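So this one's protein.pdb, PDB, C-alpha atoms:
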```
ATOM      1  CA  GLU A   1       2.051  13.287 -13.540  1.00  0.00           C
ATOM      2  CA  PRO A   2      -0.932  13.550 -11.163  1.00  0.00           C
ATOM      3  CA  GLU A   3      -0.236  12.574  -7.561  1.00  0.00           C
ATOM      4  CA  VAL A   4      -2.115  11.899  -4.369  1.00  0.00           C
ATOM      5  CA  THR A   5      -1.269  14.559  -1.795  1.00  0.00           C
ATOM      6  CA  GLN A   6      -1.654  14.418   1.973  1.00  0.00           C
ATOM      7  CA  THR A   7      -1.535  16.969   4.773  1.00  0.00           C
ATOM      8  CA  PRO A   8      -0.032  17.374   7.234  1.00  0.00           C
ATOM      9  CA  SER A   9       3.157  15.422   6.635  1.00  0.00           C
ATOM     10  CA  HIS A  10       3.647  15.074  10.392  1.00  0.00           C
ATOM     11  CA  GLN A  11       1.194  15.372  13.286  1.00  0.00           C
ATOM     12  CA  VAL A  12       1.936  15.154  16.989  1.00  0.00           C
ATOM     13  CA  THR A  13      -1.021  14.923  19.340  1.00  0.00           C
ATOM     14  CA  GLN A  14      -1.885  14.074  22.912  1.00  0.00           C
ATOM     15  CA  MET A  15      -3.670  10.854  23.751  1.00  0.00           C
ATOM     16  CA  GLY A  16      -7.425  11.367  23.711  1.00  0.00           C
ATOM     17  CA  GLN A  17      -7.332  14.234  21.220  1.00  0.00           C
ATOM     18  CA  GLU A  18      -9.048  14.191  17.847  1.00  0.00           C
ATOM     19  CA  VAL A  19      -7.034  14.356  14.643  1.00  0.00           C
ATOM     20  CA  ILE A  20      -8.069  14.825  11.045  1.00  0.00           C
ATOM     21  CA  LEU A  21      -5.809  13.624   8.294  1.00  0.00           C
ATOM     22  CA  ARG A  22      -6.398  15.082   4.879  1.00  0.00           C
ATOM     23  CA  CYS A  23      -5.911  13.696   1.407  1.00  0.00           C
ATOM     24  CA  VAL A  24      -6.450  15.006  -2.096  1.00  0.00           C
ATOM     25  CA  PRO A  25      -6.798  12.000  -4.399  1.00  0.00           C
ATOM     26  CA  ILE A  26      -5.894  12.085  -8.090  1.00  0.00           C
ATOM     27  CA  SER A  27      -8.548  14.229  -9.725  1.00  0.00           C
ATOM     28  CA  ASN A  28     -10.323  11.704 -11.975  1.00  0.00           C
ATOM     29  CA  HIS A  29     -10.230   8.883  -9.416  1.00  0.00           C
ATOM     30  CA  LEU A  30     -13.357   7.903  -7.567  1.00  0.00           C
ATOM     31  CA  TYR A  31     -12.127   5.023  -5.367  1.00  0.00           C
ATOM     32  CA  PHE A  32     -10.319   6.070  -2.200  1.00  0.00           C
ATOM     33  CA  TYR A  33      -8.549   4.179   0.543  1.00  0.00           C
ATOM     34  CA  TRP A  34      -6.771   4.635   3.845  1.00  0.00           C
ATOM     35  CA  TYR A  35      -3.965   2.371   4.986  1.00  0.00           C
ATOM     36  CA  ARG A  36      -1.658   2.595   7.956  1.00  0.00           C
ATOM     37  CA  GLN A  37       1.831   1.328   8.689  1.00  0.00           C
ATOM     38  CA  ILE A  38       3.094   1.069  12.224  1.00  0.00           C
ATOM     39  CA  LEU A  39       6.854   1.564  12.331  1.00  0.00           C
ATOM     40  CA  GLY A  40       8.652  -1.576  11.210  1.00  0.00           C
ATOM     41  CA  GLN A  41       5.436  -3.393  10.368  1.00  0.00           C
ATOM     42  CA  LYS A  42       3.460  -4.088   7.233  1.00  0.00           C
ATOM     43  CA  VAL A  43       1.032  -1.798   5.468  1.00  0.00           C
ATOM     44  CA  GLU A  44      -2.501  -2.526   6.720  1.00  0.00           C
ATOM     45  CA  PHE A  45      -5.819  -1.748   5.035  1.00  0.00           C
ATOM     46  CA  LEU A  46      -8.201   0.444   6.999  1.00  0.00           C
ATOM     47  CA  VAL A  47     -11.079   1.418   4.741  1.00  0.00           C
ATOM     48  CA  SER A  48     -12.215   1.839   1.148  1.00  0.00           C
ATOM     49  CA  PHE A  49     -14.666   4.487  -0.017  1.00  0.00           C
ATOM     50  CA  TYR A  50     -16.701   4.885  -3.178  1.00  0.00           C
ATOM     51  CA  ASN A  51     -19.728   6.903  -4.184  1.00  0.00           C
ATOM     52  CA  ASN A  52     -19.780   8.730  -0.853  1.00  0.00           C
ATOM     53  CA  GLU A  53     -19.931   5.632   1.265  1.00  0.00           C
ATOM     54  CA  ILE A  54     -17.666   3.060   2.826  1.00  0.00           C
ATOM     55  CA  SER A  55     -17.211   0.011   0.590  1.00  0.00           C
ATOM     56  CA  GLU A  56     -15.247  -2.091   3.023  1.00  0.00           C
ATOM     57  CA  LYS A  57     -13.492  -1.641   6.349  1.00  0.00           C
ATOM     58  CA  SER A  58     -11.078  -3.712   8.379  1.00  0.00           C
ATOM     59  CA  GLU A  59     -11.253  -4.758  12.009  1.00  0.00           C
ATOM     60  CA  ILE A  60      -8.874  -1.907  12.799  1.00  0.00           C
ATOM     61  CA  PHE A  61     -11.411   0.630  11.570  1.00  0.00           C
ATOM     62  CA  ASP A  62     -13.537   0.750  14.698  1.00  0.00           C
ATOM     63  CA  ASP A  63     -15.913   3.420  15.986  1.00  0.00           C
ATOM     64  CA  GLN A  64     -13.143   5.902  16.724  1.00  0.00           C
ATOM     65  CA  PHE A  65     -12.403   6.172  12.994  1.00  0.00           C
ATOM     66  CA  SER A  66     -14.491   7.903  10.359  1.00  0.00           C
ATOM     67  CA  VAL A  67     -13.985   9.020   6.777  1.00  0.00           C
ATOM     68  CA  GLU A  68     -15.550  11.801   4.820  1.00  0.00           C
ATOM     69  CA  ARG A  69     -15.442  13.427   1.444  1.00  0.00           C
ATOM     70  CA  PRO A  70     -16.494  16.934   2.443  1.00  0.00           C
ATOM     71  CA  ASP A  71     -16.123  18.429  -1.032  1.00  0.00           C
ATOM     72  CA  GLY A  72     -15.144  17.438  -4.545  1.00  0.00           C
ATOM     73  CA  SER A  73     -11.461  17.129  -3.849  1.00  0.00           C
ATOM     74  CA  ASN A  74     -10.695  16.251  -0.219  1.00  0.00           C
ATOM     75  CA  PHE A  75     -10.917  12.892   1.507  1.00  0.00           C
ATOM     76  CA  THR A  76     -10.400  12.863   5.260  1.00  0.00           C
ATOM     77  CA  LEU A  77      -9.722  10.348   7.997  1.00  0.00           C
ATOM     78  CA  LYS A  78     -10.787  11.360  11.492  1.00  0.00           C
ATOM     79  CA  ILE A  79      -9.595   9.636  14.629  1.00  0.00           C
ATOM     80  CA  ARG A  80     -11.870  10.786  17.443  1.00  0.00           C
ATOM     81  CA  SER A  81      -9.930   9.899  20.569  1.00  0.00           C
ATOM     82  CA  THR A  82      -6.386   8.950  19.739  1.00  0.00           C
ATOM     83  CA  LYS A  83      -4.567   6.174  21.553  1.00  0.00           C
ATOM     84  CA  LEU A  84      -0.856   5.532  21.840  1.00  0.00           C
ATOM     85  CA  GLU A  85      -1.180   2.583  19.485  1.00  0.00           C
ATOM     86  CA  ASP A  86      -2.580   4.838  16.750  1.00  0.00           C
ATOM     87  CA  SER A  87       0.946   6.148  16.202  1.00  0.00           C
ATOM     88  CA  ALA A  88       1.755   5.151  12.637  1.00  0.00           C
ATOM     89  CA  MET A  89       2.180   6.381   9.104  1.00  0.00           C
ATOM     90  CA  TYR A  90      -1.208   6.839   7.457  1.00  0.00           C
ATOM     91  CA  PHE A  91      -1.373   6.519   3.687  1.00  0.00           C
ATOM     92  CA  CYS A  92      -4.199   7.631   1.469  1.00  0.00           C
ATOM     93  CA  ALA A  93      -4.583   5.939  -1.909  1.00  0.00           C
ATOM     94  CA  SER A  94      -6.841   6.275  -4.910  1.00  0.00           C
ATOM     95  CA  SER A  95      -7.553   4.231  -7.990  1.00  0.00           C
ATOM     96  CA  PRO A  96      -9.074   5.056 -11.393  1.00  0.00           C
ATOM     97  CA  THR A  97     -12.622   4.350 -12.454  1.00  0.00           C
ATOM     98  CA  SER A  98     -11.646   2.621 -15.670  1.00  0.00           C
ATOM     99  CA  GLY A  99      -8.820   0.536 -17.011  1.00  0.00           C
ATOM    100  CA  ARG A 100      -6.669  -0.832 -14.245  1.00  0.00           C
ATOM    101  CA  ARG A 101      -9.074   0.008 -11.410  1.00  0.00           C
ATOM    102  CA  GLU A 102      -7.176  -2.325  -9.142  1.00  0.00           C
ATOM    103  CA  THR A 103      -4.016  -0.227  -9.233  1.00  0.00           C
ATOM    104  CA  GLN A 104      -3.892   2.002  -6.198  1.00  0.00           C
ATOM    105  CA  TYR A 105      -1.681   5.061  -6.086  1.00  0.00           C
ATOM    106  CA  PHE A 106      -0.430   6.097  -2.682  1.00  0.00           C
ATOM    107  CA  GLY A 107       0.109   9.525  -1.212  1.00  0.00           C
ATOM    108  CA  PRO A 108       3.286  10.418   0.700  1.00  0.00           C
ATOM    109  CA  GLY A 109       1.679   9.695   4.049  1.00  0.00           C
ATOM    110  CA  THR A 110       1.066  11.485   7.326  1.00  0.00           C
ATOM    111  CA  ARG A 111       3.233  10.418  10.217  1.00  0.00           C
ATOM    112  CA  LEU A 112       1.075  10.507  13.356  1.00  0.00           C
ATOM    113  CA  LEU A 113       2.662  10.432  16.770  1.00  0.00           C
ATOM    114  CA  VAL A 114       0.395  10.099  19.811  1.00  0.00           C
ATOM    115  CA  LEU A 115       1.977  11.037  23.129  1.00  0.00           C
TER
ATOM    116  CA  GLY B 116      -7.903 -15.799   5.808  1.00  0.00           C
ATOM    117  CA  GLN B 117      -4.963 -14.116   4.174  1.00  0.00           C
ATOM    118  CA  ASN B 118      -1.307 -15.081   4.483  1.00  0.00           C
ATOM    119  CA  ILE B 119       1.535 -13.643   2.466  1.00  0.00           C
ATOM    120  CA  ASP B 120       5.137 -14.746   2.952  1.00  0.00           C
ATOM    121  CA  GLN B 121       8.275 -13.175   1.582  1.00  0.00           C
ATOM    122  CA  PRO B 122      11.879 -13.137   2.811  1.00  0.00           C
ATOM    123  CA  THR B 123      12.653 -10.425   5.327  1.00  0.00           C
ATOM    124  CA  GLU B 124      15.965  -9.295   3.874  1.00  0.00           C
ATOM    125  CA  MET B 125      18.123  -9.822   0.827  1.00  0.00           C
ATOM    126  CA  THR B 126      21.413  -8.401  -0.335  1.00  0.00           C
ATOM    127  CA  ALA B 127      22.852  -8.122  -3.820  1.00  0.00           C
ATOM    128  CA  THR B 128      25.602  -6.416  -5.751  1.00  0.00           C
ATOM    129  CA  GLU B 129      25.238  -3.503  -8.128  1.00  0.00           C
ATOM    130  CA  GLY B 130      24.737  -4.759 -11.683  1.00  0.00           C
ATOM    131  CA  ALA B 131      23.518  -8.174 -10.563  1.00  0.00           C
ATOM    132  CA  ILE B 132      20.091  -9.833 -10.839  1.00  0.00           C
ATOM    133  CA  VAL B 133      17.941 -10.582  -7.813  1.00  0.00           C
ATOM    134  CA  GLN B 134      14.692 -12.533  -7.476  1.00  0.00           C
ATOM    135  CA  ILE B 135      12.336 -11.806  -4.604  1.00  0.00           C
ATOM    136  CA  ASN B 136       9.807 -14.564  -3.949  1.00  0.00           C
ATOM    137  CA  CYS B 137       6.331 -14.300  -2.518  1.00  0.00           C
ATOM    138  CA  THR B 138       3.889 -17.034  -1.596  1.00  0.00           C
ATOM    139  CA  TYR B 139       0.322 -16.350  -0.688  1.00  0.00           C
ATOM    140  CA  GLN B 140      -2.783 -18.035   0.616  1.00  0.00           C
ATOM    141  CA  THR B 141      -5.966 -16.104   0.213  1.00  0.00           C
ATOM    142  CA  SER B 142      -9.683 -16.758   0.377  1.00  0.00           C
ATOM    143  CA  GLY B 143     -10.290 -14.582  -2.651  1.00  0.00           C
ATOM    144  CA  PHE B 144      -7.785 -13.576  -5.303  1.00  0.00           C
ATOM    145  CA  ASN B 145      -8.081 -10.885  -7.920  1.00  0.00           C
ATOM    146  CA  GLY B 146      -4.451 -10.212  -8.709  1.00  0.00           C
ATOM    147  CA  LEU B 147      -1.016  -9.738  -7.241  1.00  0.00           C
ATOM    148  CA  PHE B 148       0.879  -6.477  -6.914  1.00  0.00           C
ATOM    149  CA  TRP B 149       4.458  -5.544  -6.264  1.00  0.00           C
ATOM    150  CA  TYR B 150       5.224  -2.183  -4.718  1.00  0.00           C
ATOM    151  CA  GLN B 151       8.537  -0.540  -3.910  1.00  0.00           C
ATOM    152  CA  GLN B 152       8.884   1.386  -0.674  1.00  0.00           C
ATOM    153  CA  HIS B 153      11.880   3.478   0.292  1.00  0.00           C
ATOM    154  CA  ALA B 154      12.306   4.080   4.004  1.00  0.00           C
ATOM    155  CA  GLY B 155       9.844   6.671   5.286  1.00  0.00           C
ATOM    156  CA  GLU B 156       8.098   6.992   1.947  1.00  0.00           C
ATOM    157  CA  ALA B 157       4.917   5.759   0.316  1.00  0.00           C
ATOM    158  CA  PRO B 158       4.666   2.477  -1.589  1.00  0.00           C
ATOM    159  CA  THR B 159       5.020   3.046  -5.324  1.00  0.00           C
ATOM    160  CA  PHE B 160       3.430   0.721  -7.870  1.00  0.00           C
ATOM    161  CA  LEU B 161       5.772  -1.602  -9.766  1.00  0.00           C
ATOM    162  CA  SER B 162       3.668  -4.366 -11.312  1.00  0.00           C
ATOM    163  CA  TYR B 163       0.341  -6.160 -11.378  1.00  0.00           C
ATOM    164  CA  ASN B 164      -0.270  -9.768 -12.395  1.00  0.00           C
ATOM    165  CA  VAL B 165      -3.712 -11.274 -12.653  1.00  0.00           C
ATOM    166  CA  LEU B 166      -2.949 -14.077 -15.114  1.00  0.00           C
ATOM    167  CA  ASP B 167      -0.229 -16.705 -14.928  1.00  0.00           C
ATOM    168  CA  GLY B 168       3.056 -15.895 -16.554  1.00  0.00           C
ATOM    169  CA  LEU B 169       5.742 -13.284 -16.765  1.00  0.00           C
ATOM    170  CA  GLU B 170       5.198  -9.557 -17.178  1.00  0.00           C
ATOM    171  CA  GLU B 171       8.251  -7.565 -18.136  1.00  0.00           C
ATOM    172  CA  LYS B 172       8.659  -3.853 -17.625  1.00  0.00           C
ATOM    173  CA  GLY B 173      12.149  -2.541 -18.220  1.00  0.00           C
ATOM    174  CA  ARG B 174      14.565  -3.789 -15.581  1.00  0.00           C
ATOM    175  CA  PHE B 175      11.711  -5.246 -13.515  1.00  0.00           C
ATOM    176  CA  SER B 176       9.722  -8.405 -14.268  1.00  0.00           C
ATOM    177  CA  SER B 177       7.039 -10.119 -12.262  1.00  0.00           C
ATOM    178  CA  PHE B 178       5.822 -13.692 -12.463  1.00  0.00           C
ATOM    179  CA  LEU B 179       2.655 -15.303 -11.191  1.00  0.00           C
ATOM    180  CA  SER B 180       1.513 -18.896 -10.745  1.00  0.00           C
ATOM    181  CA  ARG B 181      -2.014 -18.918  -9.368  1.00  0.00           C
ATOM    182  CA  SER B 182      -2.119 -22.700  -8.935  1.00  0.00           C
ATOM    183  CA  LYS B 183       0.977 -22.564  -6.733  1.00  0.00           C
ATOM    184  CA  GLY B 184       0.096 -19.335  -4.945  1.00  0.00           C
ATOM    185  CA  TYR B 185       3.496 -18.013  -5.940  1.00  0.00           C
ATOM    186  CA  SER B 186       4.953 -14.883  -7.435  1.00  0.00           C
ATOM    187  CA  TYR B 187       8.372 -13.402  -7.867  1.00  0.00           C
ATOM    188  CA  LEU B 188       9.813 -10.022  -8.706  1.00  0.00           C
ATOM    189  CA  LEU B 189      12.968 -10.049 -10.791  1.00  0.00           C
ATOM    190  CA  LEU B 190      15.233  -7.026 -10.754  1.00  0.00           C
ATOM    191  CA  LYS B 191      17.970  -6.859 -13.370  1.00  0.00           C
ATOM    192  CA  GLU B 192      21.025  -4.618 -13.659  1.00  0.00           C
ATOM    193  CA  LEU B 193      20.694  -3.604 -10.050  1.00  0.00           C
ATOM    194  CA  GLN B 194      21.421  -0.006  -9.143  1.00  0.00           C
ATOM    195  CA  MET B 195      22.157   1.497  -5.733  1.00  0.00           C
ATOM    196  CA  LYS B 196      18.806   3.305  -5.858  1.00  0.00           C
ATOM    197  CA  ASP B 197      17.056  -0.088  -5.925  1.00  0.00           C
ATOM    198  CA  SER B 198      17.868  -0.454  -2.225  1.00  0.00           C
ATOM    199  CA  ALA B 199      14.367  -0.422  -0.733  1.00  0.00           C
ATOM    200  CA  SER B 200      11.648  -2.669   0.604  1.00  0.00           C
ATOM    201  CA  TYR B 201       9.640  -4.627  -1.949  1.00  0.00           C
ATOM    202  CA  LEU B 202       6.078  -5.351  -0.928  1.00  0.00           C
ATOM    203  CA  CYS B 203       4.050  -8.219  -2.303  1.00  0.00           C
ATOM    204  CA  ALA B 204       0.300  -7.616  -2.061  1.00  0.00           C
ATOM    205  CA  THR B 205      -2.799  -9.505  -3.107  1.00  0.00           C
ATOM    206  CA  TYR B 206      -5.880  -7.697  -4.335  1.00  0.00           C
ATOM    207  CA  ASN B 207      -9.009  -8.966  -2.674  1.00  0.00           C
ATOM    208  CA  THR B 208     -12.421  -7.416  -3.393  1.00  0.00           C
ATOM    209  CA  ASP B 209     -11.620  -3.784  -2.811  1.00  0.00           C
ATOM    210  CA  LYS B 210      -8.366  -3.781  -0.874  1.00  0.00           C
ATOM    211  CA  LEU B 211      -4.700  -4.615  -0.970  1.00  0.00           C
ATOM    212  CA  ILE B 212      -3.370  -7.134   1.536  1.00  0.00           C
ATOM    213  CA  PHE B 213       0.345  -6.597   1.990  1.00  0.00           C
ATOM    214  CA  GLY B 214       3.110  -8.901   3.054  1.00  0.00           C
ATOM    215  CA  THR B 215       5.726  -7.689   5.488  1.00  0.00           C
ATOM    216  CA  GLY B 216       8.047  -6.727   2.646  1.00  0.00           C
ATOM    217  CA  THR B 217      11.554  -7.742   1.639  1.00  0.00           C
ATOM    218  CA  ARG B 218      14.278  -5.242   2.448  1.00  0.00           C
ATOM    219  CA  LEU B 219      16.812  -5.315  -0.386  1.00  0.00           C
ATOM    220  CA  GLN B 220      20.263  -3.835   0.099  1.00  0.00           C
ATOM    221  CA  VAL B 221      22.363  -3.264  -2.985  1.00  0.00           C
ATOM    222  CA  PHE B 222      26.109  -3.007  -2.424  1.00  0.00           C
ATOM    223  CA  PRO B 223      28.665  -1.481  -4.807  1.00  0.00           C
TER
END
```

Using structure tokens, write down the structure from this file.
Amino acid sequence: EPEVTQTPSHQVTQMGQEVILRCVPISNHLYFYWYRQILGQKVEFLVSFYNNEISEKSEIFDDQFSVERPDGSNFTLKIRSTKLEDSAMYFCASSPTSGRRETQYFGPGTRLLVL
Amino acid sequence: GQNIDQPTEMTATEGAIVQINCTYQTSGFNGLFWYQQHAGEAPTFLSYNVLDGLEEKGRFSSFLSRSKGYSYLLLKELQMKDSASYLCATYNTDKLIFGTGTRLQVFP
């Protein structure tokens, strides 16, 4: 069964550094999302992406965040200058273009720790 | 705004039935999802309700009442592996809005 994959599984970085989190959505999906989950808290929406542009973004998704689909398979989340409070699990998700478009399938996540 | 409420924790015994409730208030509603999340792992899709009523899928069923802003997830014949968090989420425009999740512990 096709799956969303994410790399790396864990990332440790220093405050102020840039990180890029990578995702490979399910191959025939065209809607992509990033969510984050701070330890012990709820899953929060960051951004949705379709047709090479952002569809919607949350208040969390400020100027330090950006997303890109650099090629036909990867979908990336860049955090330009990480802060301590960016430490969280970051989940990528994708959904199909037909049928149950609302159903989002999540990747295994990248655990980001900012020191 | 969005507000989703579900109990923080529940416990149950192996083989039993448990019902996890979720109430929501949302400015726009296009469906309600239930996801299962084991500790340290990604949410996995369980069910989606967009119309009122009960949807059954094996040991899991989900119910929705849009007029009451209420849903529940029913788990039958509980197994130890069902110990996890169960996340209620509303679908609004292009995103999922999650509740804080209900941590279910199944005891032998």

So that each row is one residue of chain B with an atom at most 6 Å from chain A, can you give its shortest atom pair and the distance in Å to one decimal, using only C-alpha atoms, rows by chain and rising number, as a tab-separated table?
```
residue	atom	partner	partner_atom	distance
B:Ala157	CA	A:Pro108	CA	5.0
B:Phe213	CA	A:Val43	CA	6.0
B:Thr215	CA	A:Lys42	CA	4.6
```

State, in Å with one decimal place, the distance from CA of Gly168 in chain B to CA of Gly214 in chain B.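 That distance, rounded to one decimal, is 20.8 Å.
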
Quick one: distance from CA of Thr126 in chain B to CA of Leu219 in chain B in Å, one decimal? 5.5 Å

Could you state which residues are captured by the PyMOL selection byres ((chain B and resi 192) around 10) in this file, as an MDAnalysis selection string? chainID B and resid 128:133 174:175 190:191 193:194 197

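Among the candidate residues A:Val19, A:Val114, A:Ile54, A:Ile26, the one lying nearest to Lys83 in chain A is A:Val114, with distances computed using only C-alpha atoms.
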
Residues returned when the PyMOL selection byres ((chain B and resi 140) around 9) runs on this file, as JSON, numbers by chain: {"B": [116, 117, 118, 119, 120, 138, 139, 141, 142, 143, 144, 184]}

Store the residues picked out above in a file with C-alpha atoms, as a short mmCIF file (atom, residue, chain, number, x, y, z; two decimals), in the frame of the given file.
```
data_model
loop_
_atom_site.label_atom_id
_atom_site.label_comp_id
_atom_site.auth_asym_id
_atom_site.auth_seq_id
_atom_site.Cartn_x
_atom_site.Cartn_y
_atom_site.Cartn_z
CA GLY B 116 -7.90 -15.80 5.81
CA GLN B 117 -4.96 -14.12 4.17
CA ASN B 118 -1.31 -15.08 4.48
CA ILE B 119 1.54 -13.64 2.47
CA ASP B 120 5.14 -14.75 2.95
CA THR B 138 3.89 -17.03 -1.60
CA TYR B 139 0.32 -16.35 -0.69
CA THR B 141 -5.97 -16.10 0.21
CA SER B 142 -9.68 -16.76 0.38
CA GLY B 143 -10.29 -14.58 -2.65
CA PHE B 144 -7.78 -13.58 -5.30
CA GLY B 184 0.10 -19.34 -4.94
#
```

Find the spatial neighbours of Ser162 in chain B, counting all atoms listed in the file, within a cut-off of 12 Å - ignore same-chain residues fewer than 6 positions away - and output them as a VMD selection string. (chain A and resid 100 102 to 104) or (chain B and resid 146 to 151 169 to 179 186 to 190 201 to 205)

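Counting all atoms listed in the file and comparing A:Ser81, A:Ile60, A:Ala88, A:Phe65, the residue that lies closest to His10 in chain A is A:Ala88.
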
Nearest residue to Ile38 in chain A out of A:Ser73, A:Ser87, A:Ser95, A:Gln6, using only C-alpha atoms?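 Selected residue with least distance to Ile38 in chain A: A:Ser87.
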
Between A:Val4, A:Val12, A:Leu30, A:Leu115, which has the minimum distance to Arg69 in chain A (counting all atoms listed in the file)?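 Of A:Val4, A:Val12, A:Leu30, A:Leu115, the one nearest Arg69 in chain A, counting all atoms listed in the file, is A:Leu30.
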
By how many Å are CA of Val221 in chain B and CA of Ala127 in chain B apart?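 A separation of 5.0 Å between them.
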
Nearby residues, (17.9, -6.9, 3.1) file frame, 8 Å, all atoms listed in the file, as JSON, numbers by chain: {"B": [123, 124, 125, 126, 200, 217, 218, 219, 220]}

Excluding Tyr206 in chain B and residues on its chain fewer than 3 positions from it, collect all residues at most 6 Å away from it, counting only C-alpha atoms, and give them as an MDAnalysis selection string. chainID B and resid 145:146 210:211

Identify which of the residues B:Lys196, B:Asp167, B:Thr159, B:Gln152 lies closest to Lys183 in chain B, counting only C-alpha atoms when measuring atom-to-atom distances. B:Asp167

Output check: residues returned by the PyMOL selection byres ((chain A and resi 82) around 7), as number ranges by chain: A: 15-18, 79-81, 83-84, 86, 114

When you count all atoms listed in the file, which of these residues is closest to Asp209 in chain B: A:Cys23, A:Ser66, A:Gln11, A:Tyr50?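 Of A:Cys23, A:Ser66, A:Gln11, A:Tyr50, the one nearest Asp209 in chain B, counting all atoms listed in the file, is A:Tyr50.
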
Emit a file covering range 18-24 of chain A of the preceding structure with all heavy atoms, as a CSV table (one decimal), in the first residue's frame.
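What landed in result.csv:
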```csv
chain,number,residue,atom,x,y,z
A,18,GLU,N,18.9,27.0,9.9
A,18,GLU,CA,17.9,26.6,8.9
A,18,GLU,C,17.8,25.1,8.8
A,18,GLU,O,18.8,24.4,8.9
A,18,GLU,CB,18.3,27.2,7.6
A,18,GLU,CG,17.3,26.8,6.4
A,18,GLU,CD,17.8,27.3,5.1
A,18,GLU,OE1,17.6,28.5,4.9
A,18,GLU,OE2,18.2,26.5,4.3
A,19,VAL,N,16.5,24.6,8.8
A,19,VAL,CA,16.3,23.2,8.5
A,19,VAL,C,15.4,23.0,7.4
A,19,VAL,O,14.5,23.9,7.1
A,19,VAL,CB,15.8,22.5,9.8
A,19,VAL,CG1,16.8,22.5,10.9
A,19,VAL,CG2,14.4,23.1,10.2
A,20,ILE,N,15.6,21.9,6.7
A,20,ILE,CA,14.6,21.5,5.6
A,20,ILE,C,14.1,20.1,5.9
A,20,ILE,O,14.9,19.2,6.1
A,20,ILE,CB,15.3,21.6,4.2
A,20,ILE,CG1,15.8,23.0,3.9
A,20,ILE,CG2,14.4,21.0,3.2
A,20,ILE,CD1,16.6,23.1,2.6
A,21,LEU,N,12.8,20.0,6.0
A,21,LEU,CA,12.2,18.7,6.2
A,21,LEU,C,11.6,18.3,4.9
A,21,LEU,O,11.0,19.0,4.2
A,21,LEU,CB,11.1,18.9,7.3
A,21,LEU,CG,11.5,19.6,8.6
A,21,LEU,CD1,10.3,19.6,9.6
A,21,LEU,CD2,12.7,19.0,9.2
A,22,ARG,N,11.9,17.0,4.6
A,22,ARG,CA,11.5,16.5,3.3
A,22,ARG,C,10.4,15.4,3.4
A,22,ARG,O,10.3,14.7,4.4
A,22,ARG,CB,12.7,15.9,2.6
A,22,ARG,CG,13.7,16.9,2.2
A,22,ARG,CD,14.9,16.4,1.5
A,22,ARG,NE,15.6,17.4,0.8
A,22,ARG,CZ,16.5,18.2,1.5
A,22,ARG,NH1,16.7,18.0,2.7
A,22,ARG,NH2,17.1,19.2,0.8
A,23,CYS,N,9.5,15.4,2.4
A,23,CYS,CA,8.4,14.5,2.3
A,23,CYS,C,8.2,14.0,0.9
A,23,CYS,O,8.4,14.8,-0.1
A,23,CYS,CB,7.1,15.3,2.8
A,23,CYS,SG,5.6,14.5,2.4
A,24,VAL,N,7.9,12.8,0.8
A,24,VAL,CA,7.5,12.2,-0.5
A,24,VAL,C,6.0,11.8,-0.4
A,24,VAL,O,5.7,10.8,0.3
A,24,VAL,CB,8.4,11.1,-1.0
A,24,VAL,CG1,7.9,10.5,-2.3
A,24,VAL,CG2,9.8,11.5,-1.1
```
